[in-house]
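Pasting entry15.cif here (mmCIF, N, CA and C atoms):
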```
data_data
#
loop_
_atom_site.group_PDB
_atom_site.id
_atom_site.type_symbol
_atom_site.label_atom_id
_atom_site.label_comp_id
_atom_site.auth_asym_id
_atom_site.auth_seq_id
_atom_site.Cartn_x
_atom_site.Cartn_y
_atom_site.Cartn_z
ATOM 1 N N MET A 8 -4.565 11.345 9.255
ATOM 2 C CA MET A 8 -3.285 10.693 9.134
ATOM 3 C C MET A 8 -2.853 10.288 10.531
ATOM 4 N N ASN A 9 -2.455 9.045 10.693
ATOM 5 C CA ASN A 9 -1.958 8.534 11.967
ATOM 6 C C ASN A 9 -0.494 8.165 11.824
ATOM 7 N N PHE A 10 0.297 8.485 12.853
ATOM 8 C CA PHE A 10 1.712 8.127 12.861
ATOM 9 C C PHE A 10 1.967 7.139 13.975
ATOM 10 N N GLU A 11 2.713 6.101 13.678
ATOM 11 C CA GLU A 11 3.213 5.190 14.691
ATOM 12 C C GLU A 11 4.719 5.169 14.523
ATOM 13 N N SER A 12 5.423 4.279 15.179
ATOM 14 C CA SER A 12 6.880 4.295 15.197
ATOM 15 C C SER A 12 7.492 4.567 13.824
ATOM 16 N N HIS A 13 7.398 3.643 12.920
ATOM 17 C CA HIS A 13 7.949 3.824 11.574
ATOM 18 C C HIS A 13 6.890 3.505 10.535
ATOM 19 N N SER A 14 5.689 3.986 10.788
ATOM 20 C CA SER A 14 4.602 3.777 9.829
ATOM 21 C C SER A 14 3.608 4.928 9.933
ATOM 22 N N MET A 15 2.788 5.054 8.919
ATOM 23 C CA MET A 15 1.708 6.036 8.940
ATOM 24 C C MET A 15 0.541 5.489 8.149
ATOM 25 N N THR A 16 -0.646 5.898 8.550
ATOM 26 C CA THR A 16 -1.856 5.523 7.848
ATOM 27 C C THR A 16 -2.470 6.785 7.272
ATOM 28 N N LEU A 17 -2.807 6.727 5.988
ATOM 29 C CA LEU A 17 -3.344 7.894 5.283
ATOM 30 C C LEU A 17 -4.690 7.562 4.662
ATOM 31 N N LYS A 18 -5.596 8.507 4.708
ATOM 32 C CA LYS A 18 -6.849 8.389 3.959
ATOM 33 C C LYS A 18 -6.752 9.426 2.852
ATOM 34 N N ILE A 19 -6.714 8.965 1.610
ATOM 35 C CA ILE A 19 -6.528 9.843 0.454
ATOM 36 C C ILE A 19 -7.850 9.936 -0.304
ATOM 37 N N TRP A 20 -8.471 11.103 -0.240
ATOM 38 C CA TRP A 20 -9.765 11.304 -0.892
ATOM 39 C C TRP A 20 -9.611 11.663 -2.357
ATOM 40 N N ASP A 21 -8.607 12.457 -2.684
ATOM 41 C CA ASP A 21 -8.417 12.951 -4.048
ATOM 42 C C ASP A 21 -7.504 11.991 -4.814
ATOM 43 N N HIS A 22 -8.083 11.195 -5.687
ATOM 44 C CA HIS A 22 -7.316 10.190 -6.423
ATOM 45 C C HIS A 22 -6.259 10.806 -7.329
ATOM 46 N N SER A 23 -6.439 12.052 -7.736
ATOM 47 C CA SER A 23 -5.449 12.695 -8.605
ATOM 48 C C SER A 23 -4.154 13.004 -7.859
ATOM 49 N N THR A 24 -4.184 13.012 -6.529
ATOM 50 C CA THR A 24 -2.979 13.287 -5.745
ATOM 51 C C THR A 24 -2.402 12.029 -5.094
ATOM 52 N N MET A 25 -2.987 10.879 -5.390
ATOM 53 C CA MET A 25 -2.591 9.644 -4.724
ATOM 54 C C MET A 25 -1.110 9.321 -4.909
ATOM 55 N N ASP A 26 -0.599 9.353 -6.148
ATOM 56 C CA ASP A 26 0.806 9.016 -6.389
ATOM 57 C C ASP A 26 1.736 9.953 -5.642
ATOM 58 N N HIS A 27 1.481 11.255 -5.747
ATOM 59 C CA HIS A 27 2.331 12.239 -5.070
ATOM 60 C C HIS A 27 2.283 12.063 -3.553
ATOM 61 N N THR A 28 1.093 11.850 -3.009
ATOM 62 C CA THR A 28 0.933 11.699 -1.566
ATOM 63 C C THR A 28 1.647 10.455 -1.058
ATOM 64 N N LEU A 29 1.507 9.340 -1.776
ATOM 65 C CA LEU A 29 2.169 8.109 -1.353
ATOM 66 C C LEU A 29 3.689 8.221 -1.480
ATOM 67 N N GLU A 30 4.183 8.858 -2.540
ATOM 68 C CA GLU A 30 5.633 9.062 -2.682
ATOM 69 C C GLU A 30 6.178 9.893 -1.530
ATOM 70 N N ALA A 31 5.460 10.945 -1.143
ATOM 71 C CA ALA A 31 5.891 11.789 -0.026
ATOM 72 C C ALA A 31 5.877 11.000 1.286
ATOM 73 N N ALA A 32 4.876 10.161 1.477
ATOM 74 C CA ALA A 32 4.793 9.344 2.689
ATOM 75 C C ALA A 32 5.932 8.327 2.736
ATOM 76 N N ILE A 33 6.253 7.717 1.596
ATOM 77 C CA ILE A 33 7.361 6.767 1.527
ATOM 78 C C ILE A 33 8.669 7.469 1.896
ATOM 79 N N ALA A 34 8.885 8.655 1.351
ATOM 80 C CA ALA A 34 10.098 9.419 1.658
ATOM 81 C C ALA A 34 10.154 9.767 3.143
ATOM 82 N N HIS A 35 9.020 10.152 3.728
ATOM 83 C CA HIS A 35 8.979 10.515 5.143
ATOM 84 C C HIS A 35 9.331 9.326 6.034
ATOM 85 N N VAL A 36 8.702 8.181 5.790
ATOM 86 C CA VAL A 36 8.955 6.985 6.611
ATOM 87 C C VAL A 36 10.401 6.530 6.441
ATOM 88 N N SER A 37 10.897 6.548 5.219
ATOM 89 C CA SER A 37 12.279 6.156 4.953
ATOM 90 C C SER A 37 13.256 7.037 5.719
ATOM 91 N N THR A 38 13.043 8.344 5.679
ATOM 92 C CA THR A 38 13.924 9.282 6.365
ATOM 93 C C THR A 38 13.821 9.127 7.875
ATOM 94 N N LYS A 39 12.612 9.051 8.379
ATOM 95 C CA LYS A 39 12.398 8.935 9.824
ATOM 96 C C LYS A 39 13.016 7.656 10.383
ATOM 97 N N ALA A 40 12.941 6.570 9.617
ATOM 98 C CA ALA A 40 13.473 5.281 10.060
ATOM 99 C C ALA A 40 14.950 5.102 9.697
ATOM 100 N N ASN A 41 15.506 6.074 8.960
ATOM 101 C CA ASN A 41 16.883 5.974 8.485
ATOM 102 C C ASN A 41 17.088 4.644 7.739
ATOM 103 N N ALA A 42 16.184 4.373 6.835
ATOM 104 C CA ALA A 42 16.187 3.121 6.075
ATOM 105 C C ALA A 42 16.062 3.441 4.587
ATOM 106 N N PRO A 43 16.572 2.563 3.726
ATOM 107 C CA PRO A 43 16.415 2.789 2.283
ATOM 108 C C PRO A 43 14.939 2.711 1.876
ATOM 109 N N ARG A 44 14.610 3.468 0.832
ATOM 110 C CA ARG A 44 13.218 3.508 0.352
ATOM 111 C C ARG A 44 12.699 2.130 -0.071
ATOM 112 N N ASP A 45 13.578 1.246 -0.523
ATOM 113 C CA ASP A 45 13.099 -0.069 -0.964
ATOM 114 C C ASP A 45 12.655 -0.956 0.201
ATOM 115 N N ARG A 46 12.880 -0.529 1.441
ATOM 116 C CA ARG A 46 12.369 -1.259 2.604
ATOM 117 C C ARG A 46 10.997 -0.757 3.045
ATOM 118 N N VAL A 47 10.495 0.283 2.392
ATOM 119 C CA VAL A 47 9.197 0.850 2.752
ATOM 120 C C VAL A 47 8.124 0.223 1.866
ATOM 121 N N ARG A 48 7.035 -0.188 2.491
ATOM 122 C CA ARG A 48 5.938 -0.841 1.774
ATOM 123 C C ARG A 48 4.652 -0.049 1.955
ATOM 124 N N VAL A 49 3.793 -0.114 0.944
ATOM 125 C CA VAL A 49 2.474 0.513 0.999
ATOM 126 C C VAL A 49 1.435 -0.596 0.946
ATOM 127 N N THR A 50 0.542 -0.584 1.914
ATOM 128 C CA THR A 50 -0.526 -1.587 1.985
ATOM 129 C C THR A 50 -1.864 -0.869 1.964
ATOM 130 N N ARG A 51 -2.753 -1.325 1.107
ATOM 131 C CA ARG A 51 -4.106 -0.768 1.106
ATOM 132 C C ARG A 51 -4.856 -1.434 2.246
ATOM 133 N N SER A 52 -5.316 -0.620 3.195
ATOM 134 C CA SER A 52 -5.956 -1.181 4.377
ATOM 135 C C SER A 52 -7.442 -0.838 4.475
ATOM 136 N N GLY A 53 -8.001 -0.284 3.417
ATOM 137 C CA GLY A 53 -9.425 0.029 3.392
ATOM 138 C C GLY A 53 -9.721 0.929 2.210
ATOM 139 N N PRO A 54 -10.971 1.327 2.040
ATOM 140 C CA PRO A 54 -11.313 2.232 0.944
ATOM 141 C C PRO A 54 -10.583 3.567 1.115
ATOM 142 N N ASN A 55 -9.743 3.889 0.170
ATOM 143 C CA ASN A 55 -8.960 5.125 0.185
ATOM 144 C C ASN A 55 -7.999 5.216 1.365
ATOM 145 N N VAL A 56 -7.720 4.106 2.053
ATOM 146 C CA VAL A 56 -6.848 4.105 3.223
ATOM 147 C C VAL A 56 -5.610 3.264 2.908
ATOM 148 N N PHE A 57 -4.445 3.850 3.174
ATOM 149 C CA PHE A 57 -3.169 3.192 2.896
ATOM 150 C C PHE A 57 -2.281 3.281 4.121
ATOM 151 N N THR A 58 -1.557 2.197 4.400
ATOM 152 C CA THR A 58 -0.583 2.184 5.477
ATOM 153 C C THR A 58 0.793 2.106 4.846
ATOM 154 N N VAL A 59 1.666 3.029 5.226
ATOM 155 C CA VAL A 59 3.041 3.090 4.729
ATOM 156 C C VAL A 59 3.919 2.699 5.903
ATOM 157 N N SER A 60 4.744 1.643 5.743
ATOM 158 C CA SER A 60 5.553 1.148 6.857
ATOM 159 C C SER A 60 6.821 0.481 6.349
ATOM 160 N N LEU A 61 7.740 0.190 7.267
ATOM 161 C CA LEU A 61 8.934 -0.561 6.905
ATOM 162 C C LEU A 61 8.531 -1.984 6.574
ATOM 163 N N SER A 62 9.271 -2.631 5.698
ATOM 164 C CA SER A 62 8.901 -3.971 5.245
ATOM 165 C C SER A 62 8.817 -4.966 6.391
ATOM 166 N N GLY A 63 9.605 -4.812 7.433
ATOM 167 C CA GLY A 63 9.531 -5.692 8.586
ATOM 168 C C GLY A 63 8.239 -5.531 9.360
ATOM 169 N N ASP A 64 7.579 -4.356 9.208
ATOM 170 C CA ASP A 64 6.336 -4.059 9.911
ATOM 171 C C ASP A 64 5.125 -4.206 9.013
ATOM 172 N N ALA A 65 5.334 -4.412 7.706
ATOM 173 C CA ALA A 65 4.233 -4.389 6.744
ATOM 174 C C ALA A 65 3.404 -5.667 6.828
ATOM 175 N N ALA A 66 2.153 -5.531 6.541
ATOM 176 C CA ALA A 66 1.242 -6.668 6.500
ATOM 177 C C ALA A 66 1.336 -7.347 5.139
ATOM 178 N N PRO A 67 0.954 -8.619 5.064
ATOM 179 C CA PRO A 67 0.923 -9.287 3.749
ATOM 180 C C PRO A 67 -0.018 -8.561 2.799
ATOM 181 N N GLY A 68 0.271 -8.637 1.526
ATOM 182 C CA GLY A 68 -0.569 -7.984 0.536
ATOM 183 C C GLY A 68 -0.127 -6.574 0.221
ATOM 184 N N SER A 69 1.133 -6.264 0.529
ATOM 185 C CA SER A 69 1.604 -4.900 0.277
ATOM 186 C C SER A 69 1.649 -4.605 -1.209
ATOM 187 N N LEU A 70 1.463 -3.333 -1.554
ATOM 188 C CA LEU A 70 1.403 -2.910 -2.946
ATOM 189 C C LEU A 70 2.762 -2.531 -3.502
ATOM 190 N N ALA A 71 3.635 -2.004 -2.677
ATOM 191 C CA ALA A 71 4.934 -1.545 -3.183
ATOM 192 C C ALA A 71 6.014 -1.837 -2.198
#
```
Could you quickly redo this structure as structure tokens?
Amino acid sequence: MNFESHSMTLKIWDHSTMDHTLEAAIAHVSTKANAPRDRVRVTRSGPNVFTVSLSGDAAPGSLA
């Protein structure tokens, strides 16, 4: 897991925990950035790799 200013990159191996892990990451980024959860985006950036960031920092092709 990598942390940058208001984003994090996660490699999730266990697909059964993917939803819970991404929800927790969204909550963490939202809280850390003091921003509403609807400004947080999830982008798939590779096999089993997801980047969670603020919408202003998110890359095109975000999932949520």
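Across the model, the gap from CA of Lys18 in chain A to CA of Lys39 in chain A is 20.1 Å.
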Next item on the list: Specify as an MDAnalysis selection string each residue included when the PyMOL selection byres ((chain A and resi 13) around 6.5) is applied to this file.
Entry: chainID A and resid 11:12 14:15 36 39:40 59:61
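Here CA of Asn41 in chain A and CA of Gly63 in chain A stand 13.8 Å from one another.
Neighbouring residues of range 19-26 of chain A at 8 Å or closer, counting only N, CA and C atoms and skipping chain neighbours under 3 positions away, are Thr16, Leu29, Glu30, Ala31, Ala32, Pro54, Asn55, Val56 and Phe57 of chain A.
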Got time to write the residues from that selection, N, CA and C atoms, as a PDB file, in the coordinates of the input?
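Final output, part01.pdb:
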```
ATOM      1  N   THR A  16      -0.646   5.898   8.550  1.00  0.00           N
ATOM      2  CA  THR A  16      -1.856   5.523   7.848  1.00  0.00           C
ATOM      3  C   THR A  16      -2.470   6.785   7.272  1.00  0.00           C
ATOM      4  N   LEU A  29       1.507   9.340  -1.776  1.00  0.00           N
ATOM      5  CA  LEU A  29       2.169   8.109  -1.353  1.00  0.00           C
ATOM      6  C   LEU A  29       3.689   8.221  -1.480  1.00  0.00           C
ATOM      7  N   GLU A  30       4.183   8.858  -2.540  1.00  0.00           N
ATOM      8  CA  GLU A  30       5.633   9.062  -2.682  1.00  0.00           C
ATOM      9  C   GLU A  30       6.178   9.893  -1.530  1.00  0.00           C
ATOM     10  N   ALA A  31       5.460  10.945  -1.143  1.00  0.00           N
ATOM     11  CA  ALA A  31       5.891  11.789  -0.026  1.00  0.00           C
ATOM     12  C   ALA A  31       5.877  11.000   1.286  1.00  0.00           C
ATOM     13  N   ALA A  32       4.876  10.161   1.477  1.00  0.00           N
ATOM     14  CA  ALA A  32       4.793   9.344   2.689  1.00  0.00           C
ATOM     15  C   ALA A  32       5.932   8.327   2.736  1.00  0.00           C
ATOM     16  N   PRO A  54     -10.971   1.327   2.040  1.00  0.00           N
ATOM     17  CA  PRO A  54     -11.313   2.232   0.944  1.00  0.00           C
ATOM     18  C   PRO A  54     -10.583   3.567   1.115  1.00  0.00           C
ATOM     19  N   ASN A  55      -9.743   3.889   0.170  1.00  0.00           N
ATOM     20  CA  ASN A  55      -8.960   5.125   0.185  1.00  0.00           C
ATOM     21  C   ASN A  55      -7.999   5.216   1.365  1.00  0.00           C
ATOM     22  N   VAL A  56      -7.720   4.106   2.053  1.00  0.00           N
ATOM     23  CA  VAL A  56      -6.848   4.105   3.223  1.00  0.00           C
ATOM     24  C   VAL A  56      -5.610   3.264   2.908  1.00  0.00           C
ATOM     25  N   PHE A  57      -4.445   3.850   3.174  1.00  0.00           N
ATOM     26  CA  PHE A  57      -3.169   3.192   2.896  1.00  0.00           C
ATOM     27  C   PHE A  57      -2.281   3.281   4.121  1.00  0.00           C
TER      28      PHE A  57
END
```
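Going from atom N of Gly53 in chain A to atom C of Thr38 in chain A covers 24.2 Å.
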